[in-house]
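Here's target-v6.cif, which has mmCIF, C-alpha atoms:
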```cif
data_query
loop_
_atom_site.label_atom_id
_atom_site.label_comp_id
_atom_site.auth_asym_id
_atom_site.auth_seq_id
_atom_site.Cartn_x
_atom_site.Cartn_y
_atom_site.Cartn_z
CA MET A 19 52.45 80.40 85.00
CA SER A 20 54.36 83.60 85.72
CA PRO A 21 52.39 86.82 86.25
CA LEU A 22 51.80 89.05 83.25
CA ILE A 23 52.69 92.73 83.25
CA ALA A 24 50.69 94.29 80.42
CA VAL A 25 51.75 97.77 79.31
CA GLY A 26 50.00 99.98 76.77
CA ILE A 27 52.19 102.93 75.75
CA GLY A 28 50.37 105.74 73.98
CA ASN A 29 51.51 109.20 72.94
CA THR A 30 49.60 110.79 75.83
CA THR A 31 49.22 108.11 78.50
CA ILE A 32 50.83 104.85 79.59
CA LYS A 33 48.80 102.16 81.33
CA LEU A 34 50.22 99.19 83.23
CA GLY A 35 48.34 96.23 84.61
CA VAL A 36 49.53 93.15 86.49
CA THR A 37 47.40 90.05 86.17
CA ASP A 38 47.23 86.29 86.16
CA VAL A 39 46.53 85.35 82.53
CA VAL A 40 44.16 82.53 83.53
CA THR A 41 41.86 84.60 85.76
CA GLY A 42 42.34 87.92 83.97
CA GLN A 43 41.81 89.79 87.24
CA TRP A 44 43.91 92.92 87.70
CA GLN A 45 46.18 92.80 90.73
CA LEU A 46 47.59 96.25 89.98
CA LEU A 47 46.59 99.05 87.62
CA HIS A 48 48.54 102.27 87.16
CA GLU A 49 48.53 105.14 84.68
CA TRP A 50 51.03 107.88 83.81
CA ASP A 51 51.26 110.81 81.44
CA THR A 52 53.73 109.61 78.81
CA ALA A 53 55.84 112.74 79.19
CA GLU A 54 56.15 112.12 82.95
CA PHE A 55 56.64 108.34 82.85
CA GLU A 56 58.57 107.03 85.85
CA LEU A 57 58.25 103.32 86.61
CA GLY A 58 59.77 103.81 90.04
CA ASP A 59 56.30 104.91 91.15
CA VAL A 60 55.11 101.30 91.19
CA ALA A 61 58.35 99.29 91.21
CA GLY A 62 57.81 98.20 94.80
CA ASP A 63 54.29 96.97 94.01
CA LEU A 64 55.33 94.62 91.20
CA PRO A 65 55.42 90.87 91.95
CA ASN A 66 58.65 89.55 93.45
CA GLU A 67 58.67 86.49 91.22
CA SER A 68 59.77 86.48 87.59
CA CYS A 69 57.16 88.05 85.30
CA ARG A 70 56.37 88.33 81.63
CA TRP A 71 56.21 91.84 80.20
CA ARG A 72 54.04 92.23 77.12
CA VAL A 73 54.09 95.74 75.70
CA ALA A 74 51.96 97.42 73.02
CA SER A 75 53.56 100.74 72.14
CA VAL A 76 53.12 103.60 69.72
CA HIS A 77 55.80 105.75 71.38
CA ARG A 78 59.31 104.50 70.62
CA ALA A 79 61.21 106.61 73.15
CA ALA A 80 58.92 105.65 76.04
CA GLU A 81 59.12 101.97 75.09
CA GLN A 82 62.92 102.20 75.05
CA THR A 83 62.88 103.81 78.49
CA LEU A 84 60.70 100.98 79.80
CA ARG A 85 62.89 98.30 78.20
CA GLN A 86 66.07 99.78 79.69
CA TRP A 87 64.51 99.98 83.15
CA GLN A 88 63.33 96.38 82.97
CA GLN A 89 66.75 95.12 81.84
CA ALA A 90 68.52 97.07 84.60
CA SER A 91 66.07 96.38 87.43
CA ARG A 92 64.35 93.07 86.61
CA SER A 93 66.65 91.29 84.18
CA ARG A 94 65.20 87.85 84.99
CA ASP A 95 61.82 88.90 83.59
CA ASP A 96 60.79 88.02 80.04
CA TYR A 97 60.16 91.17 77.95
CA LEU A 98 58.44 91.37 74.58
CA ALA A 99 57.28 94.41 72.63
CA LEU A 100 54.39 93.00 70.63
CA SER A 101 54.10 93.24 66.88
CA TYR A 102 51.13 92.51 64.65
CA LYS A 103 52.57 89.02 64.06
CA ASP A 104 52.06 88.18 67.75
CA LEU A 105 48.32 88.83 67.68
CA PRO A 106 45.40 86.40 67.22
CA LEU A 107 43.94 88.73 64.62
CA GLU A 108 43.50 88.63 60.86
CA ILE A 109 44.45 92.03 59.43
CA ASN A 110 43.17 93.17 56.05
CA VAL A 111 45.14 96.36 55.30
CA GLU A 112 47.93 97.24 52.90
CA PHE A 113 50.74 97.55 55.46
CA PRO A 114 49.85 95.80 58.74
CA GLU A 115 53.28 96.59 60.19
CA ARG A 116 52.44 100.31 60.01
CA VAL A 117 49.16 100.12 61.94
CA GLY A 118 49.42 101.39 65.52
CA MET A 119 49.63 98.55 68.01
CA ASP A 120 47.03 100.26 70.18
CA ARG A 121 44.51 99.96 67.35
CA LEU A 122 45.27 96.30 66.69
CA ILE A 123 45.35 95.30 70.35
CA ALA A 124 42.02 97.06 70.93
CA ALA A 125 40.62 95.04 68.02
CA VAL A 126 41.77 91.81 69.69
CA ALA A 127 39.84 92.78 72.82
CA ALA A 128 36.78 93.88 70.84
CA ASN A 129 36.76 90.53 69.05
CA GLN A 130 36.43 88.80 72.39
CA ARG A 131 33.66 91.14 73.57
CA ARG A 132 31.52 91.44 70.46
CA GLU A 133 28.58 89.15 69.80
CA THR A 134 29.03 86.30 67.35
CA ASN A 135 28.60 87.36 63.71
CA CYS A 136 28.30 91.01 64.74
CA PRO A 137 30.84 93.58 63.49
CA ALA A 138 32.41 96.03 65.90
CA ILE A 139 33.47 99.66 65.61
CA ILE A 140 36.25 100.73 67.96
CA VAL A 141 36.64 104.40 68.85
CA ASP A 142 39.90 105.30 70.59
CA ALA A 143 40.09 108.93 71.68
CA GLY A 144 43.55 110.01 72.73
CA THR A 145 46.29 112.05 71.07
CA ALA A 146 44.66 110.95 67.84
CA ILE A 147 41.08 109.78 67.46
CA THR A 148 40.76 106.50 65.59
CA VAL A 149 37.59 104.82 64.37
CA ASP A 150 38.29 101.23 63.32
CA LEU A 151 36.22 98.34 62.00
CA VAL A 152 36.34 94.66 62.88
CA ASP A 153 33.97 92.81 60.55
CA ALA A 154 31.52 90.05 61.44
CA ASP A 155 34.23 87.44 60.85
CA GLY A 156 36.62 89.13 63.27
CA VAL A 157 38.90 90.62 60.59
CA PHE A 158 40.47 94.02 61.23
CA GLN A 159 39.52 96.06 58.18
CA GLY A 160 41.27 99.36 58.96
CA GLY A 161 39.67 102.66 59.79
CA VAL A 162 40.04 106.42 60.13
CA ILE A 163 42.54 108.63 61.97
CA LEU A 164 41.94 112.27 62.91
CA PRO A 165 43.53 114.67 65.42
CA GLY A 166 42.50 114.38 69.05
CA PHE A 167 41.40 117.27 71.27
CA ARG A 168 44.81 118.34 72.56
CA LEU A 169 46.48 118.03 69.18
CA SER A 170 43.77 120.15 67.56
CA ALA A 171 44.00 122.76 70.31
CA ARG A 172 47.76 122.99 69.85
CA ALA A 173 47.39 123.32 66.08
CA LEU A 174 44.96 126.23 66.50
CA ALA A 175 47.36 128.02 68.83
CA ASP A 176 50.43 127.34 66.68
CA GLY A 177 48.73 128.28 63.41
CA THR A 178 47.22 131.59 64.52
CA ASP A 179 48.47 134.82 66.05
CA LEU A 180 45.94 135.41 68.81
CA LEU A 181 44.15 132.15 69.62
CA PRO A 182 45.31 130.61 72.92
CA ASN A 183 46.28 127.00 73.54
CA VAL A 184 43.32 126.03 75.70
CA ASP A 185 42.78 123.18 78.15
CA ALA A 186 41.43 120.42 75.92
CA THR A 187 40.45 117.97 78.66
CA PHE A 188 36.82 117.45 79.62
CA PRO A 189 36.82 115.63 82.96
CA ALA A 190 33.60 117.02 84.46
CA GLU A 191 30.99 117.77 81.82
CA ALA A 192 30.62 118.62 78.16
CA PRO A 193 31.04 122.32 77.33
CA ARG A 194 28.03 124.39 76.32
CA VAL A 195 27.74 124.79 72.59
CA ILE A 196 27.74 128.59 72.39
CA GLY A 197 30.94 129.87 73.97
CA LYS A 198 30.87 133.26 75.66
CA SER A 199 34.64 133.73 75.38
CA THR A 200 37.35 132.72 72.93
CA THR A 201 38.45 129.92 75.25
CA GLU A 202 34.90 128.61 75.64
CA ALA A 203 34.33 128.82 71.89
CA ILE A 204 37.47 126.77 71.18
CA ARG A 205 36.60 124.17 73.81
CA SER A 206 33.11 123.85 72.35
CA GLY A 207 34.52 123.44 68.86
CA LEU A 208 36.99 120.79 70.00
CA PHE A 209 34.47 118.72 71.90
CA TRP A 210 31.37 118.97 69.72
CA GLY A 211 33.43 118.92 66.54
CA GLY A 212 34.97 115.65 67.76
CA VAL A 213 31.58 114.22 68.64
CA GLY A 214 30.20 115.20 65.23
CA ALA A 215 33.14 113.77 63.35
CA ILE A 216 32.98 110.44 65.16
CA ARG A 217 29.21 110.16 64.77
CA GLU A 218 29.49 110.86 61.04
CA LEU A 219 32.23 108.27 60.63
CA VAL A 220 30.24 105.68 62.57
CA SER A 221 27.13 106.47 60.54
CA ARG A 222 28.93 106.09 57.22
CA THR A 223 30.56 102.85 58.37
CA VAL A 224 27.19 101.44 59.39
CA ALA A 225 25.76 102.41 56.00
CA GLU A 226 28.52 100.50 54.24
CA LEU A 227 28.00 97.46 56.49
CA GLN A 228 24.22 97.50 56.09
CA THR A 229 23.97 96.08 59.60
CA SER A 230 24.24 97.40 63.14
CA PRO A 231 27.66 96.92 64.74
CA GLN A 232 28.58 97.06 68.39
CA ILE A 233 30.51 100.18 69.37
CA PHE A 234 33.38 100.08 71.86
CA VAL A 235 34.97 103.30 73.08
CA THR A 236 38.31 103.66 74.84
CA GLY A 237 41.14 106.16 75.33
CA GLY A 238 41.89 109.02 77.68
CA ASP A 239 39.21 111.35 76.29
CA ALA A 240 36.64 108.66 75.56
CA GLU A 241 34.50 108.42 78.68
CA ARG A 242 33.07 111.92 78.30
CA LEU A 243 32.36 111.27 74.60
CA THR A 244 30.66 107.91 74.91
CA GLY A 245 27.17 109.03 75.84
CA TYR A 246 26.99 111.33 72.83
CA LEU A 247 28.00 108.75 70.21
CA ALA A 248 25.27 106.11 70.45
CA ASN A 249 22.86 104.85 73.09
CA ASP A 250 24.51 101.44 73.15
CA ALA A 251 28.16 102.53 72.89
CA GLN A 252 30.26 100.77 75.54
CA PHE A 253 33.13 102.55 77.29
CA VAL A 254 35.95 100.15 78.19
CA SER A 255 38.80 101.94 79.95
CA ASP A 256 41.23 98.99 79.84
CA LEU A 257 40.47 97.74 76.31
CA VAL A 258 44.13 97.83 75.22
CA LEU A 259 45.37 96.05 78.34
CA ARG A 260 42.66 93.43 77.90
CA GLY A 261 43.81 92.89 74.34
CA ILE A 262 47.37 92.30 75.55
CA VAL A 263 46.13 89.68 78.02
CA LEU A 264 44.16 87.92 75.28
CA ALA A 265 47.15 87.94 72.93
CA CYS A 266 49.32 86.46 75.66
CA ARG A 267 46.68 83.84 76.47
CA ASP A 268 46.58 82.86 72.80
CA GLN A 269 50.37 82.52 72.72
CA ASP A 270 50.21 80.28 75.79
CA LEU A 271 47.63 78.07 74.09
CA LEU A 272 49.73 77.77 70.94
CA ALA A 273 52.80 76.92 73.04
CA ARG A 274 50.91 74.16 74.88
CA ILE A 275 49.60 72.71 71.61
CA SER A 276 53.09 72.77 70.12
CA HIS A 277 54.56 71.13 73.23
CA ASN A 278 51.87 68.44 73.37
CA THR A 279 52.26 67.72 69.65
CA ALA A 280 56.03 67.39 70.00
CA SER A 281 55.64 65.10 73.03
CA ALA A 282 53.23 62.85 71.16
CA ARG A 283 55.58 62.25 68.24
CA PRO A 284 57.13 58.78 68.03
CA PRO A 285 60.88 58.63 68.65
CA ASP A 286 63.18 59.01 65.67
CA LEU A 287 64.71 55.53 65.20
CA SER A 288 66.60 56.27 62.00
#
```

Rendering of file as structure tokens:
Amino acid sequence: MSPLIAVGIGNTTIKLGVTDVVTGQWQLLHEWDTAEFELGDVAGDLPNESCRWRVASVHRAAEQTLRQWQQASRSRDDYLALSYKDLPLEINVEFPERVGMDRLIAAVAANQRRETNCPAIIVDAGTAITVDLVDADGVFQGGVILPGFRLSARALADGTDLLPNVDATFPAEAPRVIGKSTTEAIRSGLFWGGVGAIRELVSRTVAELQTSPQIFVTGGDAERLTGYLANDAQFVSDLVLRGIVLACRDQDLLARISHNTASARPPDLS
């Protein structure tokens, strides 16, 4: 089986992982800012043999850049940008083709991680913050979308005369609640406002479910948030890449079943 190159393309970051689908162990992991994406950074580290590229993208221009590079540099590889039809996931929304692939792929991974008969809430904190529900039967039921930290910070700066566009990343520690400067006040509002919004959405979802779901958290801004959402919230940095591997593994299984079924058919003697 050829190696799998799983790529999750978001509006803020791009993650790439190389793995053997059977073992699921990462042989290479790399991450870029989407605006600074340059695959040449890791081209020499990719396997020499023919690979399968499976891509989950919500950024069309970046996906096109990746596709063009692959066709020019590794034309023997098999490339597929995944759609909702490629996923081992039942989707109960009005327009499944309009749901971000990052949300659906994360749901595939959460389905594999959640306990049997236990629903899951998936929080993805990136350019946008999404809070999605997979029910106890493993069906993606949709969710909520709100602006992420950087998008909110930019909106404040663009929509006012004097407020600055502040650094909306929180790599070290959460900001103190009461800001002693305009910048500190904005950063506090971004972070604790995000925490409050997510906690409220989770709380209302739990009330509708009338049962306790598992909570999985992913995305570029998620690790700092996780401890403030729920005591048992699980941060999974590679949730989207794991979902791509699972989708590919499911496709392999279906292909083997189809091949074995075709081989077992009696010859056509007509």

Proximity check segment 22-108 of chain A to segment 153-168 of chain A, 12 Å, nearest pairs one decimal Å, all atoms listed in the file, as a Markdown table:
```
| residue | atom | partner | partner_atom | distance |
| --- | --- | --- | --- | --- |
| A:Asn29 | CA | A:Gly166 | CA | 11.1 |
| A:Thr30 | CA | A:Arg168 | CA | 9.5 |
| A:Tyr102 | CA | A:Phe158 | CA | 11.3 |
| A:Leu105 | CA | A:Phe158 | CA | 11.4 |
| A:Pro106 | CA | A:Gly156 | CA | 10.0 |
| A:Leu107 | CA | A:Val157 | CA | 6.7 |
| A:Glu108 | CA | A:Val157 | CA | 5.0 |
```

So what does the PyMOL selection byres ((chain A and resi 258) around 8) actually pick up in this one, as a PDB file with C-alpha atoms, keeping the file's coordinate frame?
```pdb
ATOM      1  CA  GLY A  26      50.000  99.980  76.770  1.00  0.00           C
ATOM      2  CA  ASP A 120      47.030 100.260  70.180  1.00  0.00           C
ATOM      3  CA  ILE A 123      45.350  95.300  70.350  1.00  0.00           C
ATOM      4  CA  ALA A 124      42.020  97.060  70.930  1.00  0.00           C
ATOM      5  CA  ALA A 127      39.840  92.780  72.820  1.00  0.00           C
ATOM      6  CA  ASP A 256      41.230  98.990  79.840  1.00  0.00           C
ATOM      7  CA  LEU A 257      40.470  97.740  76.310  1.00  0.00           C
ATOM      8  CA  LEU A 259      45.370  96.050  78.340  1.00  0.00           C
ATOM      9  CA  ARG A 260      42.660  93.430  77.900  1.00  0.00           C
ATOM     10  CA  GLY A 261      43.810  92.890  74.340  1.00  0.00           C
ATOM     11  CA  ILE A 262      47.370  92.300  75.550  1.00  0.00           C
TER      12      ILE A 262
END
```

Can you spell out as a list in words the set of residues that the PyMOL selection byres ((chain A and resi 58) around 12) selects in the structure I just provided?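 Applying the PyMOL selection byres ((chain A and resi 58) around 12) to the structure shown produces His48, Trp50, Glu54, Phe55, Glu56, Leu57, Asp59, Val60, Ala61, Gly62, Asp63, Leu64, Thr83, Leu84, Trp87, Gln88 and Ser91 of chain A.
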
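Between atom CA of Ile204 of chain A and atom CA of Ala146 of chain A lies a distance of 17.7 Å.
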
Point-to-point distance in Å for atom CA of Asp150 of chain A and atom CA of Arg121 of chain A: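 Going from atom CA of Arg121 of chain A over to atom CA of Asp150 of chain A covers 7.5 Å.
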
So how many Å separate atom CA of Val152 of chain A and atom CA of Leu122 of chain A, to one decimal?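 Pair atom CA of Val152 of chain A / atom CA of Leu122 of chain A returns 9.8 Å.
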
Residues at most 10 Å from Ile233 of chain A, counting only C-alpha atoms, excluding those fewer than 5 positions away in the same chain, as an NGL selection string? :A and (128 or 132 or 137-141 or 149-151 or 220 or 244 or 247-253)

Pull out every residue that the PyMOL selection byres ((chain A and resi 205) around 8) matches in the shown coordinates and put them as a ChimeraX atom specification. /A:184-186,193,201-204,206-209

Quick one: residues within 12 Å of (54.0, 88.3, 78.5) (file frame), counting only C-alpha atoms, please, as a VMD selection string. chain A and resid 19 to 25 35 to 39 68 to 74 95 to 100 104 259 261 to 270

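Proximity ranking of A:Gly197, A:Gly211, A:Gly118, A:Pro182 relative to Ile27 of chain A places A:Gly118 first, based on all atoms listed in the file.
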